[in-house]
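Q: entry-v9.tsv is reproduced in full below (TSV, C-alpha atoms and all ligand atoms).
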chain	number	residue	atom	x	y	z
A	201	MET	CA	165.68	-6.85	134.72
A	202	LYS	CA	168.94	-8.58	135.55
A	203	LEU	CA	171.31	-6.42	133.51
A	204	SER	CA	169.97	-2.86	133.88
A	205	GLY	CA	172.71	-0.28	133.60
A	206	LYS	CA	175.18	-2.81	132.12
A	207	VAL	CA	176.90	-2.55	128.76
A	208	ALA	CA	177.56	-5.69	126.69
A	209	LEU	CA	179.81	-6.15	123.68
A	210	VAL	CA	178.94	-9.20	121.57
A	211	THR	CA	181.03	-10.36	118.61
A	212	GLY	CA	179.60	-12.21	115.63
A	213	THR	CA	176.01	-10.94	115.68
A	214	SER	CA	174.44	-12.92	112.84
A	215	PRO	CA	170.72	-13.77	113.18
A	216	ASN	CA	171.85	-17.10	114.60
A	217	ILE	CA	173.60	-17.49	117.99
A	218	GLY	CA	175.30	-14.09	118.44
A	219	GLY	CA	172.15	-12.21	117.46
A	220	GLY	CA	170.13	-14.38	119.84
A	221	ILE	CA	172.50	-13.73	122.73
A	222	ALA	CA	172.62	-9.98	122.00
A	223	GLN	CA	168.81	-9.86	121.98
A	224	SER	CA	168.59	-11.78	125.29
A	225	LEU	CA	171.10	-9.45	126.99
A	226	ALA	CA	169.20	-6.40	125.68
A	227	ALA	CA	165.88	-7.83	126.90
A	228	GLU	CA	167.39	-7.87	130.43
A	229	GLY	CA	168.30	-4.19	130.18
A	230	ALA	CA	171.89	-4.23	128.84
A	231	ALA	CA	172.96	-1.72	126.19
A	232	VAL	CA	174.64	-3.76	123.45
A	233	ALA	CA	177.53	-3.09	121.07
A	234	CYS	CA	176.96	-5.48	118.14
A	235	VAL	CA	180.34	-6.27	116.55
A	236	ASP	CA	180.78	-8.13	113.28
A	237	SER	CA	183.10	-8.09	110.26
A	238	ARG	CA	179.98	-8.24	108.09
A	239	ALA	CA	178.54	-4.74	108.43
A	240	GLU	CA	174.95	-5.89	107.84
A	241	ASN	CA	175.13	-8.42	110.70
A	242	ALA	CA	176.21	-5.71	113.13
A	243	ALA	CA	173.74	-3.15	111.74
A	244	ASP	CA	170.64	-5.38	111.52
A	245	CYS	CA	171.19	-6.74	115.04
A	246	ALA	CA	171.59	-3.25	116.52
A	247	ARG	CA	168.65	-1.86	114.54
A	248	TYR	CA	166.36	-4.68	115.68
A	249	ILE	CA	167.30	-4.22	119.35
A	250	GLY	CA	166.64	-0.48	118.95
A	251	SER	CA	163.25	-1.19	117.37
A	252	THR	CA	162.21	-3.23	120.41
A	253	GLY	CA	163.04	-0.42	122.85
A	254	GLY	CA	166.62	-1.47	123.68
A	255	ARG	CA	169.85	0.46	123.23
A	256	ALA	CA	172.41	-0.84	120.73
A	257	ILE	CA	175.11	0.30	118.32
A	258	ALA	CA	176.66	-1.48	115.36
A	259	ILE	CA	180.43	-1.72	114.99
A	260	THR	CA	182.07	-3.27	111.93
A	261	THR	CA	185.27	-4.96	113.11
A	262	ASP	CA	187.48	-7.89	112.18
A	263	VAL	CA	188.19	-9.56	115.53
A	264	THR	CA	191.70	-10.57	114.41
A	265	ASP	CA	192.89	-7.00	113.82
A	266	GLU	CA	194.16	-5.43	117.07
A	267	ARG	CA	193.73	-1.81	115.91
A	268	GLN	CA	190.13	-2.51	114.89
A	269	VAL	CA	189.49	-4.28	118.20
A	270	MET	CA	190.84	-1.29	120.14
A	271	SER	CA	188.64	1.07	118.08
A	272	ALA	CA	185.60	-1.14	118.71
A	273	VAL	CA	186.16	-1.09	122.48
A	274	ALA	CA	186.67	2.70	122.34
A	275	ALA	CA	183.44	3.09	120.32
A	276	ALA	CA	181.46	1.07	122.88
A	277	ARG	CA	182.93	3.19	125.67
A	278	GLU	CA	182.14	6.40	123.80
A	279	ALA	CA	178.53	5.34	123.17
A	280	PHE	CA	177.67	3.79	126.54
A	281	GLY	CA	180.38	4.87	128.99
A	282	GLY	CA	182.16	1.51	129.37
A	283	VAL	CA	181.83	-2.25	128.94
A	284	ASP	CA	180.66	-4.69	131.66
A	285	ILE	CA	179.98	-7.85	129.65
A	286	LEU	CA	181.98	-9.31	126.75
A	287	VAL	CA	180.74	-12.26	124.67
A	288	ASN	CA	183.43	-13.72	122.39
A	289	ASN	CA	181.20	-15.46	119.86
A	290	ALA	CA	182.61	-14.71	116.36
A	291	ALA	CA	183.76	-17.79	114.48
A	292	PHE	CA	183.34	-19.41	111.11
A	293	PHE	CA	183.02	-22.95	109.90
A	294	ASN	CA	185.52	-24.53	107.49
A	295	ARG	CA	185.26	-28.27	107.63
A	296	LYS	CA	188.63	-29.61	106.62
A	297	GLY	CA	190.76	-32.44	108.00
A	298	VAL	CA	194.35	-32.73	109.16
A	299	LEU	CA	195.32	-34.35	105.85
A	300	ASP	CA	193.82	-31.75	103.52
A	301	MET	CA	193.60	-28.41	105.34
A	302	PRO	CA	195.88	-25.75	103.82
A	303	LEU	CA	198.05	-23.95	106.40
A	304	ASP	CA	196.48	-20.57	105.56
A	305	ASP	CA	192.98	-21.93	106.26
A	306	TRP	CA	194.16	-23.45	109.57
A	307	GLN	CA	195.78	-20.19	110.65
A	308	ARG	CA	192.80	-18.04	109.69
A	309	GLN	CA	190.25	-20.20	111.54
A	310	LEU	CA	192.42	-20.34	114.68
A	311	ALA	CA	192.99	-16.59	114.41
A	312	VAL	CA	189.27	-15.82	114.46
A	313	ILE	CA	188.43	-18.30	117.24
A	314	LEU	CA	191.48	-17.82	119.49
A	315	SER	CA	193.19	-14.53	118.59
A	316	GLY	CA	189.81	-12.77	118.31
A	317	ALA	CA	188.86	-13.88	121.84
A	318	PHE	CA	192.36	-13.02	123.09
A	319	LEU	CA	192.32	-9.50	121.63
A	320	PHE	CA	188.83	-8.59	122.87
A	321	THR	CA	189.53	-10.11	126.30
A	322	LYS	CA	192.80	-8.13	126.50
A	323	HIS	CA	191.34	-4.74	125.59
A	324	VAL	CA	187.96	-5.09	127.30
A	325	SER	CA	189.66	-6.34	130.50
A	326	LYS	CA	191.96	-3.30	130.52
A	327	LEU	CA	188.89	-1.08	130.33
A	328	MET	CA	187.10	-3.11	133.02
A	329	ILE	CA	190.13	-2.76	135.32
A	330	GLU	CA	190.16	1.00	134.71
A	331	GLN	CA	186.40	1.18	135.44
A	332	LYS	CA	186.92	-0.63	138.78
A	333	ARG	CA	183.48	-2.28	138.67
A	334	GLY	CA	184.46	-5.85	137.65
A	335	GLY	CA	182.89	-7.55	134.67
A	336	SER	CA	181.86	-10.78	133.04
A	337	ILE	CA	183.48	-12.40	129.99
A	338	ILE	CA	181.80	-15.30	128.20
A	339	ASN	CA	183.55	-17.37	125.53
A	340	ILE	CA	181.39	-19.40	123.17
A	341	ILE	CA	182.70	-22.95	122.68
A	342	SER	CA	181.02	-25.89	120.88
A	343	THR	CA	180.49	-29.54	121.70
A	344	ALA	CA	183.13	-30.02	118.95
A	345	GLY	CA	185.61	-28.44	121.39
A	346	HIS	CA	185.01	-31.27	123.87
A	347	GLN	CA	185.26	-34.24	121.51
A	348	GLY	CA	187.28	-35.43	118.52
A	349	GLU	CA	185.40	-34.79	115.28
A	350	PRO	CA	187.02	-35.88	112.01
A	351	ASN	CA	187.46	-33.37	109.18
A	352	ASN	CA	186.95	-30.31	111.40
A	353	ILE	CA	190.49	-30.03	112.75
A	354	ALA	CA	191.00	-26.29	113.17
A	355	TYR	CA	187.53	-25.67	114.60
A	356	CYS	CA	187.81	-28.50	117.18
A	357	THR	CA	191.34	-27.43	118.12
A	358	GLY	CA	190.43	-23.75	118.44
A	359	LYS	CA	187.34	-24.40	120.53
A	360	SER	CA	189.16	-26.72	122.96
A	361	GLY	CA	191.93	-24.11	123.20
A	362	LEU	CA	189.30	-21.53	124.10
A	363	LEU	CA	188.19	-23.74	127.02
A	364	ASN	CA	191.58	-23.50	128.71
A	365	PHE	CA	192.02	-19.87	127.64
A	366	THR	CA	188.84	-19.31	129.70
A	367	ARG	CA	190.30	-20.92	132.83
A	368	SER	CA	193.67	-19.18	132.46
A	369	ALA	CA	192.12	-15.74	131.90
A	370	ALA	CA	189.73	-16.41	134.82
A	371	MET	CA	192.68	-16.99	137.14
A	372	GLU	CA	194.56	-13.93	135.89
A	373	LEU	CA	191.59	-11.55	136.16
A	374	VAL	CA	189.91	-12.85	139.32
A	375	GLY	CA	191.72	-10.26	141.47
A	376	HIS	CA	190.10	-7.49	139.42
A	377	GLY	CA	186.57	-8.82	139.98
A	378	ILE	CA	186.34	-9.95	136.36
A	379	ARG	CA	184.69	-13.35	135.95
A	380	VAL	CA	185.57	-15.40	132.85
A	381	ASN	CA	183.41	-18.37	131.88
A	382	SER	CA	182.51	-20.25	128.74
A	383	LEU	CA	179.24	-21.46	127.31
A	384	THR	CA	179.00	-24.55	125.13
A	385	PRO	CA	176.28	-24.70	122.48
A	386	THR	CA	175.69	-27.71	120.26
A	387	ALA	CA	173.95	-28.30	116.91
A	388	THR	CA	171.24	-25.65	117.03
A	389	ASP	CA	167.62	-25.82	115.89
A	390	PRO	CA	167.53	-23.46	112.87
A	391	SER	CA	163.88	-22.31	113.29
A	392	GLU	CA	164.48	-19.42	115.66
A	393	SER	CA	167.38	-18.04	113.61
A	394	LEU	CA	165.26	-18.06	110.47
A	395	GLU	CA	162.48	-16.23	112.32
A	396	ARG	CA	165.02	-13.70	113.61
A	397	ALA	CA	166.42	-13.12	110.11
A	398	ALA	CA	162.89	-12.50	108.86
A	399	ARG	CA	162.24	-10.06	111.74
A	400	TRP	CA	165.43	-8.26	110.69
A	401	GLY	CA	163.80	-7.78	107.30
A	402	ARG	CA	165.78	-10.39	105.42
A	403	GLN	CA	164.44	-12.66	102.72
A	404	VAL	CA	164.44	-16.15	104.22
A	405	LYS	CA	163.84	-19.36	102.35
A	406	VAL	CA	162.68	-22.10	104.74
A	407	SER	CA	163.25	-25.42	103.03
A	408	PRO	CA	162.14	-28.78	104.49
A	409	ALA	CA	165.66	-29.99	103.57
A	410	LEU	CA	167.14	-27.69	106.24
A	411	LYS	CA	165.00	-29.19	109.03
A	412	HIS	CA	165.85	-32.64	107.69
A	413	ALA	CA	169.59	-31.84	107.87
A	414	PHE	CA	169.33	-31.46	111.66
A	415	GLU	CA	167.43	-34.73	112.24
A	416	PRO	CA	170.58	-36.88	112.71
A	417	PHE	CA	171.72	-34.47	115.45
A	418	ARG	CA	168.33	-34.33	117.16
A	419	THR	CA	168.11	-38.10	117.56
A	420	LYS	CA	171.53	-38.31	119.21
A	421	VAL	CA	171.03	-35.84	122.07
A	422	PRO	CA	169.47	-37.26	125.26
A	423	MET	CA	166.68	-34.64	125.31
A	424	LEU	CA	165.77	-35.54	121.70
A	425	LYS	CA	165.38	-31.86	120.84
A	426	LEU	CA	167.99	-29.28	119.88
A	427	PRO	CA	168.60	-25.99	121.69
A	428	SER	CA	167.72	-22.61	120.18
A	429	PRO	CA	169.81	-19.41	120.40
A	430	SER	CA	167.46	-18.07	123.11
A	431	ASP	CA	168.43	-21.06	125.29
A	432	TYR	CA	172.05	-19.88	125.01
A	433	GLY	CA	170.86	-16.30	125.55
A	434	ARG	CA	169.27	-17.17	128.91
A	435	ALA	CA	172.46	-18.97	129.98
A	436	ALA	CA	174.56	-15.94	128.93
A	437	VAL	CA	172.27	-13.63	130.95
A	438	PHE	CA	172.82	-15.88	133.96
A	439	LEU	CA	176.62	-15.90	133.57
A	440	ALA	CA	176.66	-12.12	133.06
A	441	SER	CA	174.38	-11.36	136.00
A	442	ASP	CA	174.97	-11.10	139.74
A	443	ASP	CA	173.23	-14.51	140.05
A	444	ALA	CA	176.56	-15.97	138.86
A	445	GLY	CA	178.59	-13.68	141.13
A	446	MET	CA	180.54	-16.61	142.66
A	447	ILE	CA	181.12	-18.40	139.34
A	448	THR	CA	184.35	-18.09	137.38
A	449	GLY	CA	186.40	-20.44	135.20
A	450	ILE	CA	183.53	-22.82	134.41
A	451	ASP	CA	182.06	-24.10	131.17
A	452	LEU	CA	178.25	-24.03	131.13
A	453	ARG	CA	177.03	-26.60	128.63
A	454	VAL	CA	173.66	-25.88	127.01
A	455	ASP	CA	173.79	-29.00	124.88
A	456	ALA	CA	170.63	-31.06	125.63
A	457	GLY	CA	172.88	-33.55	127.43
A	458	ALA	CA	175.13	-34.22	124.40
A	459	ILE	CA	178.49	-34.26	126.16
A	460	ALA	CA	177.26	-36.22	129.19
A	461	ARG	CA	175.92	-39.08	127.03
A	462	TYR	CA	177.59	-42.47	127.37
A	463	TRP	CA	179.03	-42.97	123.88
A	464	ALA	CA	177.40	-46.35	123.23
A	465	TRP	CA	173.89	-45.35	124.35
A	466	ASP	CA	171.29	-44.58	121.69
A	467	PRO	CA	168.82	-42.07	123.20
A	468	THR	CA	166.06	-43.27	120.81
A	469	SER	CA	166.22	-46.81	122.25
A	470	LYS	CA	163.80	-47.50	125.11
B	501	LIG	N1	175.46	-23.06	114.86
B	501	LIG	C1	175.75	-24.07	115.64
B	501	LIG	O1	175.10	-25.12	115.55
B	501	LIG	C2	176.87	-23.96	116.66
B	501	LIG	C3	177.11	-25.05	117.49
B	501	LIG	C4	178.09	-24.95	118.47
B	501	LIG	C5	178.80	-23.78	118.62
B	501	LIG	N2	178.56	-22.73	117.79
B	501	LIG	C6	179.33	-21.50	118.01
B	501	LIG	O2	178.44	-20.43	118.19
B	501	LIG	C7	179.01	-19.23	117.66
B	501	LIG	C8	178.08	-18.61	116.64
B	501	LIG	O3	177.82	-19.54	115.62
B	501	LIG	P1	176.69	-19.29	114.53
B	501	LIG	O4	176.18	-20.59	114.12
B	501	LIG	O5	175.74	-18.25	115.00
B	501	LIG	O6	177.59	-18.74	113.32
B	501	LIG	P2	177.26	-17.63	112.23
B	501	LIG	O7	178.14	-17.94	111.07
B	501	LIG	O8	175.80	-17.53	111.99
B	501	LIG	O9	177.74	-16.30	112.94
B	501	LIG	C9	179.11	-16.03	113.16
B	501	LIG	C10	179.32	-14.55	112.98
B	501	LIG	O10	180.70	-14.26	113.21
B	501	LIG	C11	181.10	-13.29	112.26
B	501	LIG	N3	182.54	-13.36	112.03
B	501	LIG	C12	183.25	-14.33	111.41
B	501	LIG	N4	184.53	-13.98	111.34
B	501	LIG	C13	184.66	-12.77	111.93
B	501	LIG	C14	185.74	-11.88	112.15
B	501	LIG	N5	186.98	-12.16	111.73
B	501	LIG	N6	185.50	-10.73	112.81
B	501	LIG	C15	184.24	-10.41	113.22
B	501	LIG	N7	183.17	-11.20	113.02
B	501	LIG	C16	183.39	-12.37	112.38
B	501	LIG	C17	180.32	-13.65	110.99
B	501	LIG	O11	180.25	-12.57	110.08
B	501	LIG	C18	178.97	-14.04	111.57
B	501	LIG	O12	178.09	-12.94	111.66
B	501	LIG	C19	180.37	-19.63	117.09
B	501	LIG	O13	181.37	-19.38	118.04
B	501	LIG	C20	180.21	-21.11	116.85
B	501	LIG	O14	181.45	-21.77	116.87
B	501	LIG	C21	177.63	-22.80	116.81
What does the file become when written as structure tokens?
Ligand SMILES: NC(=O)c1ccc[n+]([C@@H]2O[C@H](COP(=O)([O-])OP(=O)(O)OC[C@H]3O[C@@H](n4cnc5c(N)ncnc54)[C@H](O)[C@@H]3O)[C@@H](O)[C@H]2O)c1

A:
Amino acid sequence: MKLSGKVALVTGTSPNIGGGIAQSLAAEGAAVACVDSRAENAADCARYIGSTGGRAIAITTDVTDERQVMSAVAAAREAFGGVDILVNNAAFFNRKGVLDMPLDDWQRQLAVILSGAFLFTKHVSKLMIEQKRGGSIINIISTAGHQGEPNNIAYCTGKSGLLNFTRSAAMELVGHGIRVNSLTPTATDPSESLERAARWGRQVKVSPALKHAFEPFRTKVPMLKLPSPSDYGRAAVFLASDDAGMITGIDLRVDAGAIARYWAWDPTSK
């Protein structure tokens, strides 16, 4: 087990990507604090990890509220004695463009993506420095943070901001043995998340329309198949583990080749 004795705090633990990453970290021996503003997403994730023999607690927290963030970090410390791994994953989607996005919507989406990562990095890093045993921070980006996508202005802006936040925090914290990296997912195959939601005891409706909705994405990535949350989970385990002990300030793309693709090449053409 690569993360025995470590404590991870993961934000945004829905059955999709955050839940998948939390489960992967727990499977490698980490105790996990599952943090979400939706109480059921924190609780179901923690309960499922517990039911599979892992150790986890649920913490309901809005990542944009500094007092709540400080309480969440204190709760993780109280339960598990500290924090060694932080995954800043909480975000939400609100597809609006520069011409029509209301200022409040823009500010709220940037607050969750950027201020949430800033606040958790600030307070978890202070604890890591006090613990004197280093740590690993992983910020979840998106391929939309690397490219210009129309009608998704706050999301694209926030995610690209998080890329350079990662490098800047990496430089500031390197002297404390804290490594800061990011992980870039892309359009994600929905099957595994639906299975996870069902395992969490939720009613899931699997419609053929959902699979169909991802087909245009699948045919544009060079591997011609989309990643699943467990693919991101394995990459997060790597970044969090001693295997990545000499790695800081990088972005690890788990995107089936999406960002590397020459823009004019159609991967379905032979
Ligand atoms: N789903 C994709 O295809 C995809 C692709 C690329 C990147 N990503 C990124 O992966 C991450 C997870 O995405 P997902 O698809 O699993 O999303 P999701 O909506 O399933 O999960 C996001 C979670 O964040 C929580 N959250 C939102 N606002 C919060 C707040 N203020 N405080 C605390 N928790 C809050 C939500 O309640 C939810 O549980 C995000 O950072 C997203 O940008 C997703």

Q: Compare A:His323, A:Arg418, A:Arg277, A:Lys202 by their minimum atom-to-atom distance to ligand LIG 501 (chain B), counting all atoms listed in the file, and give me the closest one.

A: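 Among the listed residues, the smallest separation from ligand LIG 501 (chain B) belongs to A:Arg418.
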
Q: For Val404 in chain A, list every protein, DNA or RNA residue within 12 Å, evaluated using only C-alpha atoms, and leave out those in the same chain fewer than 2 positions away; present the list as a PDB file with C-alpha atoms, keeping the file's coordinate frame.

A:
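Wrote out-v7.pdb, looks like this:
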ATOM      1  CA  PRO A 215     170.720 -13.770 113.180  1.00  0.00           C
ATOM      2  CA  PRO A 390     167.530 -23.460 112.870  1.00  0.00           C
ATOM      3  CA  SER A 391     163.880 -22.310 113.290  1.00  0.00           C
ATOM      4  CA  GLU A 392     164.480 -19.420 115.660  1.00  0.00           C
ATOM      5  CA  SER A 393     167.380 -18.040 113.610  1.00  0.00           C
ATOM      6  CA  LEU A 394     165.260 -18.060 110.470  1.00  0.00           C
ATOM      7  CA  GLU A 395     162.480 -16.230 112.320  1.00  0.00           C
ATOM      8  CA  ARG A 396     165.020 -13.700 113.610  1.00  0.00           C
ATOM      9  CA  ALA A 397     166.420 -13.120 110.110  1.00  0.00           C
ATOM     10  CA  ALA A 398     162.890 -12.500 108.860  1.00  0.00           C
ATOM     11  CA  ARG A 399     162.240 -10.060 111.740  1.00  0.00           C
ATOM     12  CA  TRP A 400     165.430  -8.260 110.690  1.00  0.00           C
ATOM     13  CA  GLY A 401     163.800  -7.780 107.300  1.00  0.00           C
ATOM     14  CA  ARG A 402     165.780 -10.390 105.420  1.00  0.00           C
ATOM     15  CA  VAL A 406     162.680 -22.100 104.740  1.00  0.00           C
ATOM     16  CA  SER A 407     163.250 -25.420 103.030  1.00  0.00           C
TER      17      SER A 407
END

Q: Can you tell me which residues come within 6 Å of ligand LIG 501 (chain B) when counting only C-alpha atoms and all ligand atoms, ideally as a PyMOL selection string?

A: chain A and resi 212-214+216-218+236-238+241+261-264+289-292+312+340-342+385-388

Q: Can you check which parts of range 337-399 of chain A lie within 9 Å of range 441-447 of chain A? Per residue, the shortest pair of atoms and distance in Å to one decimal, counting only C-alpha atoms, sorted by chain and number, as JSON lines.

A:
{"residue": "A:Arg379", "atom": "CA", "partner": "A:Ile447", "partner_atom": "CA", "distance": 7.1}
{"residue": "A:Val380", "atom": "CA", "partner": "A:Ile447", "partner_atom": "CA", "distance": 8.4}
{"residue": "A:Asn381", "atom": "CA", "partner": "A:Ile447", "partner_atom": "CA", "distance": 7.8}

Q: Which of these, A:Ser271, A:Ile353, A:Val283, A:Thr343, has the shortest distance to Asp300 in chain A once you count only C-alpha atoms?

A: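 Among the listed residues, the smallest separation from Asp300 in chain A belongs to A:Ile353.
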
Q: In Å, with one decimal, what is the gap from CA of Gly219 in chain A to CA of Thr448 in chain A?

A: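 CA of Gly219 in chain A sits 24.1 Å away from CA of Thr448 in chain A.
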
Q: At a cut-off of 9 Å, using only C-alpha atoms, what residues contact Ala436 in chain A? Leave out same-chain residues fewer than 6 positions from it and give the result as an NGL selection string.

A: :A and (221 or 224-225 or 287 or 338 or 383)

Q: Which distance in Å separates CA of Pro422 in chain A and CA of Ala440 in chain A, to one decimal?

A: 27.3 Å

Q: A:Thr321, A:Ile459, A:Val454, A:Tyr248: which is nearest Pro429 in chain A, counting all atoms listed in the file?

A: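 Among the listed residues, the smallest separation from Pro429 in chain A belongs to A:Val454.
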
Q: For Asp284 in chain A, which residue among A:Ala317, A:Ala464, A:Ile259, A:Val324 is the nearest when counting all atoms listed in the file?

A: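 Under the stated criterion, the closest residue is A:Val324.
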
Q: Please, what is the axis-aligned box for every listed atom of range 421-433 of chain A with 6 Å on each side, as centre and edge lengths in Å to one decimal, as JSON?

A:
{"center_x": 168.7, "center_y": -26.8, "center_z": 122.7, "size_x": 18.7, "size_y": 33.0, "size_z": 17.7}

Q: Please provide as an NGL selection string all residues within 9 Å of Ala272 in chain A, with the sequence filter that same-chain residues fewer than 3 positions apart are discarded (counting all atoms listed in the file).

A: :A and (233 or 235 or 259-261 or 267-269 or 275-277)

Q: Fewer than 4 positions away in the same chain doesn't count, so skip those; otherwise give me all residues within 8 Å of Ala258 in chain A, counting all atoms listed in the file, as a ChimeraX atom specification.

A: /A:233-235,239,242-243,245-246

Q: For those residues, write C-alpha atoms to a file as an mmCIF file, in the coordinates of the input.

A:
data_model
loop_
_atom_site.group_PDB
_atom_site.id
_atom_site.type_symbol
_atom_site.label_atom_id
_atom_site.label_comp_id
_atom_site.auth_asym_id
_atom_site.auth_seq_id
_atom_site.Cartn_x
_atom_site.Cartn_y
_atom_site.Cartn_z
ATOM 1 C CA ALA A 233 177.530 -3.090 121.070
ATOM 2 C CA CYS A 234 176.960 -5.480 118.140
ATOM 3 C CA VAL A 235 180.340 -6.270 116.550
ATOM 4 C CA ALA A 239 178.540 -4.740 108.430
ATOM 5 C CA ALA A 242 176.210 -5.710 113.130
ATOM 6 C CA ALA A 243 173.740 -3.150 111.740
ATOM 7 C CA CYS A 245 171.190 -6.740 115.040
ATOM 8 C CA ALA A 246 171.590 -3.250 116.520
#

Q: Return the single residue from A:Ile313, A:His412, A:Phe417, A:His346 that is closest to Ala460 in chain A, with distances computed using only C-alpha atoms.

A: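 Residue with the minimum atom-to-atom distance to Ala460 in chain A: A:His346.
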
Q: To one decimal place in Å, what is the distance between CA of Lys359 in chain A and CA of Thr211 in chain A?

A: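 Result for CA of Lys359 in chain A versus CA of Thr211 in chain A: 15.5 Å, one decimal.
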
Q: Just want the 10 Å neighbourhood of range 461-463 of chain A, counted on all atoms listed in the file, with same-chain residues fewer than 5 positions away dropped. Output as a ChimeraX atom specification.

A: /A:420-422,456
